[in-house]
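The structure appears below as structure tokens.
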Amino acid sequence: MNEDFSPMLRPVEIAHLRPTQMTVGLREVERKRVEWRKRADRDGPDFLGSHMIPAILGPKSVPYVIDHHHLVRALHDEGVTHVLVSVIADLSHLKKSQFWTFMDNRNWLHPFDETGSRQSYDRLPKKISAMNDDPYRSLAGEVRRAGGYAKDATPYSEFLWADFLRRRIDERQVVRHFERAVVKAVALSTSHQATYLPGWCGPSNDPER
């Protein structure tokens, strides 16, 4: 293992990157695709050079992405073939079972499907393009941008918010009437029910607390 976790930078084909989560919010991906199209010709290389993708080298030196899955998926869908990867730990010498245990304990995995149910490690997709859509992850991202909660460094914090909203807003509303779902979700995000979540920024004098 690389004991000091010193970053090592290298260009990697997106097709060779392995995700460490099962889902993305495809609305979030589409938003990033639009952003990329606006800047691709203007400053695309500079953008790619300044947005390094953190990854772990797993068994057989396979690179596993541990953040920025939505950006990588968006770039892939836009035809970008390579990204600059920051390798923050080399676990290539570990056996597969040891690797998954270590990754899980470091909170570098999110093996939950689009229903919020935990799955076995072998169910994780093998390619960035194979991640399924979780509409609630898109909802959580939009709620944060609307000021419903603050950005937080807690790993997979927006998936925690997605799971919170999944239990309170019908999926049909999220899929068919997204803007209405956002209004409802923002109200829920500042309520006392959400005080345990990372980035909560509801009123401290909430009478229901």
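Following the order of the structure tokens, chains are lettered A, B, ..., residues in each are numbered from 1, and ligands are numbered from 1.
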Query raised in the report: Looking only at the backbone, which of the residues in chain A does DSSP tag as alpha helix (DSSP H), as an NGL selection string?
Result: :A and (26-50 or 69-77 or 96-105 or 135-145 or 157-166 or 171-176 or 178-189)
Tell me, as a compact mmCIF listing (two decimals) with C-alpha atoms, in the first residue's frame, which residues lie within 6 Å of region 81-87 of chain A, counting only C-alpha atoms; anything in the same chain fewer than 5 positions away does not count.
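Below is the file selection_30.txt, written as the result:
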# COMPACT_ATOMS: atom_id res chain seq x y z
CA PRO A 7 -1.22 11.63 -5.13
CA MET A 8 0.06 10.19 -8.39
CA LEU A 9 -1.32 11.81 -11.52
CA ARG A 10 -1.92 9.95 -14.74
CA PRO A 11 -4.26 10.08 -17.77
CA VAL A 12 -6.63 7.12 -17.89
CA GLU A 13 -9.23 5.98 -20.38
CA ILE A 14 -12.73 6.44 -18.97
CA MET A 52 -8.61 15.42 -11.46
CA ILE A 53 -10.62 12.30 -10.67
CA PRO A 54 -9.64 10.62 -7.34
CA ALA A 55 -9.14 6.90 -7.68
CA ILE A 56 -7.84 3.84 -5.87
Query - Non-local contacts of region 186-191 of chain A (6 Å; only C-alpha atoms; under 6 positions in same chain excluded) as an NGL selection string - result: :A and (143 or 148 or 202)
Query raised in the report: Quick one: of A:Ala146, A:Leu71, A:Ala153, A:Val65, who's nearest to Arg27 (chain A), counting only C-alpha atoms?
Result: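 Checking each of A:Ala146, A:Leu71, A:Ala153, A:Val65 against Arg27 (chain A), counting only C-alpha atoms, the winner is A:Leu71.
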Query - Nearest candidate to Asp170 (chain A) (options A:Arg106, A:His16, A:Lys184, A:Arg33; using only C-alpha atoms) - result: A:Lys184
Query raised in the report: Using only C-alpha atoms, which residues sit within 8 Å of Arg137 (chain A) once same-chain residues fewer than 2 positions away are excluded, as a ChimeraX atom specification?
Result: /A:24-25,134-135,139-141,158-159,161-162
Take the residues from that selection and put them in a file with all heavy atoms, as a PDB file, in the first residue's frame.
ATOM      1  N   VAL A  24     -26.192   6.882 -10.479  1.00  0.00           N
ATOM      2  CA  VAL A  24     -26.021   8.326 -10.582  1.00  0.00           C
ATOM      3  C   VAL A  24     -27.404   8.923 -10.799  1.00  0.00           C
ATOM      4  O   VAL A  24     -28.358   8.204 -11.107  1.00  0.00           O
ATOM      5  CB  VAL A  24     -25.100   8.735 -11.753  1.00  0.00           C
ATOM      6  CG1 VAL A  24     -23.657   8.410 -11.461  1.00  0.00           C
ATOM      7  CG2 VAL A  24     -25.563   8.108 -13.058  1.00  0.00           C
ATOM      8  N   GLY A  25     -27.510  10.223 -10.654  1.00  0.00           N
ATOM      9  CA  GLY A  25     -28.736  10.911 -11.043  1.00  0.00           C
ATOM     10  C   GLY A  25     -28.568  11.393 -12.477  1.00  0.00           C
ATOM     11  O   GLY A  25     -27.724  12.251 -12.739  1.00  0.00           O
ATOM     12  N   ASP A 134     -30.774   6.953 -10.506  1.00  0.00           N
ATOM     13  CA  ASP A 134     -31.534   7.094  -9.267  1.00  0.00           C
ATOM     14  C   ASP A 134     -32.126   8.501  -9.271  1.00  0.00           C
ATOM     15  O   ASP A 134     -31.411   9.474  -9.032  1.00  0.00           O
ATOM     16  CB  ASP A 134     -30.634   6.905  -8.040  1.00  0.00           C
ATOM     17  CG  ASP A 134     -31.388   7.059  -6.731  1.00  0.00           C
ATOM     18  OD1 ASP A 134     -32.592   7.380  -6.765  1.00  0.00           O
ATOM     19  OD2 ASP A 134     -30.767   6.882  -5.662  1.00  0.00           O
ATOM     20  N   PRO A 135     -33.419   8.651  -9.572  1.00  0.00           N
ATOM     21  CA  PRO A 135     -34.027   9.980  -9.657  1.00  0.00           C
ATOM     22  C   PRO A 135     -33.893  10.784  -8.366  1.00  0.00           C
ATOM     23  O   PRO A 135     -33.832  12.017  -8.404  1.00  0.00           O
ATOM     24  CB  PRO A 135     -35.497   9.680  -9.966  1.00  0.00           C
ATOM     25  CG  PRO A 135     -35.510   8.300 -10.517  1.00  0.00           C
ATOM     26  CD  PRO A 135     -34.382   7.579  -9.852  1.00  0.00           C
ATOM     27  N   LEU A 139     -32.719  14.615  -7.433  1.00  0.00           N
ATOM     28  CA  LEU A 139     -33.520  15.487  -6.575  1.00  0.00           C
ATOM     29  C   LEU A 139     -32.664  16.063  -5.457  1.00  0.00           C
ATOM     30  O   LEU A 139     -32.733  17.266  -5.170  1.00  0.00           O
ATOM     31  CB  LEU A 139     -34.700  14.692  -6.003  1.00  0.00           C
ATOM     32  CG  LEU A 139     -35.666  15.474  -5.106  1.00  0.00           C
ATOM     33  CD1 LEU A 139     -36.322  16.618  -5.857  1.00  0.00           C
ATOM     34  CD2 LEU A 139     -36.730  14.526  -4.544  1.00  0.00           C
ATOM     35  N   ALA A 140     -31.849  15.239  -4.845  1.00  0.00           N
ATOM     36  CA  ALA A 140     -30.988  15.709  -3.759  1.00  0.00           C
ATOM     37  C   ALA A 140     -30.028  16.783  -4.239  1.00  0.00           C
ATOM     38  O   ALA A 140     -29.780  17.778  -3.538  1.00  0.00           O
ATOM     39  CB  ALA A 140     -30.221  14.533  -3.164  1.00  0.00           C
ATOM     40  N   GLY A 141     -29.465  16.605  -5.427  1.00  0.00           N
ATOM     41  CA  GLY A 141     -28.553  17.613  -5.960  1.00  0.00           C
ATOM     42  C   GLY A 141     -29.250  18.931  -6.212  1.00  0.00           C
ATOM     43  O   GLY A 141     -28.706  20.007  -5.925  1.00  0.00           O
ATOM     44  N   GLU A 158     -24.846  13.276  -0.465  1.00  0.00           N
ATOM     45  CA  GLU A 158     -26.051  13.520  -1.255  1.00  0.00           C
ATOM     46  C   GLU A 158     -26.873  12.250  -1.442  1.00  0.00           C
ATOM     47  O   GLU A 158     -28.077  12.314  -1.671  1.00  0.00           O
ATOM     48  CB  GLU A 158     -25.670  14.165  -2.584  1.00  0.00           C
ATOM     49  CG  GLU A 158     -25.203  15.616  -2.365  1.00  0.00           C
ATOM     50  CD  GLU A 158     -24.837  16.321  -3.640  1.00  0.00           C
ATOM     51  OE1 GLU A 158     -24.347  15.661  -4.576  1.00  0.00           O
ATOM     52  OE2 GLU A 158     -25.037  17.544  -3.699  1.00  0.00           O
ATOM     53  N   PHE A 159     -26.238  11.091  -1.333  1.00  0.00           N
ATOM     54  CA  PHE A 159     -27.008   9.850  -1.361  1.00  0.00           C
ATOM     55  C   PHE A 159     -27.782   9.672  -0.054  1.00  0.00           C
ATOM     56  O   PHE A 159     -28.861   9.070  -0.044  1.00  0.00           O
ATOM     57  CB  PHE A 159     -26.098   8.648  -1.603  1.00  0.00           C
ATOM     58  CG  PHE A 159     -25.763   8.433  -3.054  1.00  0.00           C
ATOM     59  CD1 PHE A 159     -24.534   8.795  -3.558  1.00  0.00           C
ATOM     60  CD2 PHE A 159     -26.704   7.881  -3.917  1.00  0.00           C
ATOM     61  CE1 PHE A 159     -24.228   8.605  -4.901  1.00  0.00           C
ATOM     62  CE2 PHE A 159     -26.414   7.690  -5.263  1.00  0.00           C
ATOM     63  CZ  PHE A 159     -25.170   8.052  -5.759  1.00  0.00           C
ATOM     64  N   TRP A 161     -29.075  12.164   1.573  1.00  0.00           N
ATOM     65  CA  TRP A 161     -30.237  13.015   1.355  1.00  0.00           C
ATOM     66  C   TRP A 161     -31.217  12.348   0.390  1.00  0.00           C
ATOM     67  O   TRP A 161     -32.439  12.433   0.559  1.00  0.00           O
ATOM     68  CB  TRP A 161     -29.801  14.377   0.829  1.00  0.00           C
ATOM     69  CG  TRP A 161     -29.298  15.279   1.903  1.00  0.00           C
ATOM     70  CD1 TRP A 161     -28.010  15.500   2.281  1.00  0.00           C
ATOM     71  CD2 TRP A 161     -30.108  16.078   2.773  1.00  0.00           C
ATOM     72  NE1 TRP A 161     -27.949  16.393   3.324  1.00  0.00           N
ATOM     73  CE2 TRP A 161     -29.220  16.765   3.646  1.00  0.00           C
ATOM     74  CE3 TRP A 161     -31.474  16.294   2.905  1.00  0.00           C
ATOM     75  CZ2 TRP A 161     -29.678  17.645   4.632  1.00  0.00           C
ATOM     76  CZ3 TRP A 161     -31.931  17.176   3.892  1.00  0.00           C
ATOM     77  CH2 TRP A 161     -31.033  17.831   4.742  1.00  0.00           C
ATOM     78  N   ALA A 162     -30.696  11.697  -0.633  1.00  0.00           N
ATOM     79  CA  ALA A 162     -31.563  11.003  -1.587  1.00  0.00           C
ATOM     80  C   ALA A 162     -32.405   9.952  -0.880  1.00  0.00           C
ATOM     81  O   ALA A 162     -33.606   9.810  -1.146  1.00  0.00           O
ATOM     82  CB  ALA A 162     -30.718  10.369  -2.692  1.00  0.00           C
TER      83      ALA A 162
END
Requested in this report: May I have the residues within 12 Å of Asp133 (chain A) as JSON, numbers by chain, using only C-alpha atoms and disregarding those fewer than 4 positions away in the same chain?
Outcome: {"A": [21, 22, 23, 24, 25, 26, 27, 28, 29, 30, 70, 73, 112, 113, 114, 115, 116, 128, 129, 137, 138, 139, 175]}
Could you save those same residues with N, CA and C atoms as a compact mmCIF listing (two decimals), in the first residue's frame?
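Done, and the output landed in part02.txt:
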# COMPACT_ATOMS: atom_id res chain seq x y z
N GLN A 21 -19.87 3.16 -6.95
CA GLN A 21 -21.28 3.29 -6.60
C GLN A 21 -22.11 2.71 -7.73
N MET A 22 -23.34 2.38 -7.43
CA MET A 22 -24.18 1.68 -8.39
C MET A 22 -25.00 2.62 -9.26
N THR A 23 -25.23 3.84 -8.78
CA THR A 23 -26.16 4.73 -9.47
C THR A 23 -25.59 6.14 -9.60
N VAL A 24 -26.19 6.88 -10.48
CA VAL A 24 -26.02 8.33 -10.58
C VAL A 24 -27.40 8.92 -10.80
N GLY A 25 -27.51 10.22 -10.65
CA GLY A 25 -28.74 10.91 -11.04
C GLY A 25 -28.57 11.39 -12.48
N LEU A 26 -29.33 10.84 -13.40
CA LEU A 26 -29.12 11.19 -14.81
C LEU A 26 -29.47 12.65 -15.11
N ARG A 27 -30.34 13.26 -14.34
CA ARG A 27 -30.57 14.71 -14.49
C ARG A 27 -29.30 15.47 -14.13
N GLU A 28 -28.60 15.01 -13.11
CA GLU A 28 -27.35 15.63 -12.72
C GLU A 28 -26.31 15.45 -13.82
N VAL A 29 -26.28 14.28 -14.40
CA VAL A 29 -25.35 14.01 -15.50
C VAL A 29 -25.65 14.93 -16.68
N GLU A 30 -26.92 15.07 -17.01
CA GLU A 30 -27.30 15.92 -18.14
C GLU A 30 -26.90 17.38 -17.88
N HIS A 70 -20.51 11.61 -11.43
CA HIS A 70 -21.40 12.30 -12.37
C HIS A 70 -20.62 13.02 -13.45
N ARG A 73 -19.18 10.39 -15.87
CA ARG A 73 -20.25 9.85 -16.72
C ARG A 73 -20.63 10.88 -17.79
N PHE A 112 -25.27 0.65 -3.06
CA PHE A 112 -26.72 0.73 -2.90
C PHE A 112 -27.36 0.99 -4.26
N ASP A 113 -28.43 0.27 -4.55
CA ASP A 113 -29.05 0.39 -5.87
C ASP A 113 -30.04 1.55 -5.92
N GLU A 114 -30.78 1.65 -7.03
CA GLU A 114 -31.68 2.78 -7.25
C GLU A 114 -32.90 2.75 -6.35
N THR A 115 -33.10 1.68 -5.58
CA THR A 115 -34.17 1.65 -4.59
C THR A 115 -33.65 1.97 -3.19
N GLY A 116 -32.35 2.20 -3.08
CA GLY A 116 -31.73 2.47 -1.79
C GLY A 116 -31.35 1.22 -1.03
N ILE A 128 -18.30 2.83 -16.07
CA ILE A 128 -18.96 4.08 -15.74
C ILE A 128 -20.31 4.18 -16.45
N SER A 129 -20.37 3.70 -17.68
CA SER A 129 -21.60 3.80 -18.47
C SER A 129 -22.71 2.88 -17.97
N ARG A 137 -31.32 10.86 -6.43
CA ARG A 137 -30.00 11.49 -6.37
C ARG A 137 -30.01 12.81 -7.13
N SER A 138 -30.74 12.85 -8.24
CA SER A 138 -30.91 14.11 -8.95
C SER A 138 -31.69 15.11 -8.11
N LEU A 139 -32.72 14.61 -7.43
CA LEU A 139 -33.52 15.49 -6.57
C LEU A 139 -32.66 16.06 -5.46
N VAL A 175 -40.36 11.78 -10.97
CA VAL A 175 -40.12 11.52 -12.39
C VAL A 175 -40.98 12.42 -13.28
Report summary line: CA of Thr101 (chain A) sits from CA of Tyr121 (chain A) at a separation of 9.6 Å
Requested in this report: Please measure the separation of CA of Asp163 (chain A) and CA of Tyr136 (chain A), giving the value in Å to one decimal.
Outcome: 7.3 Å
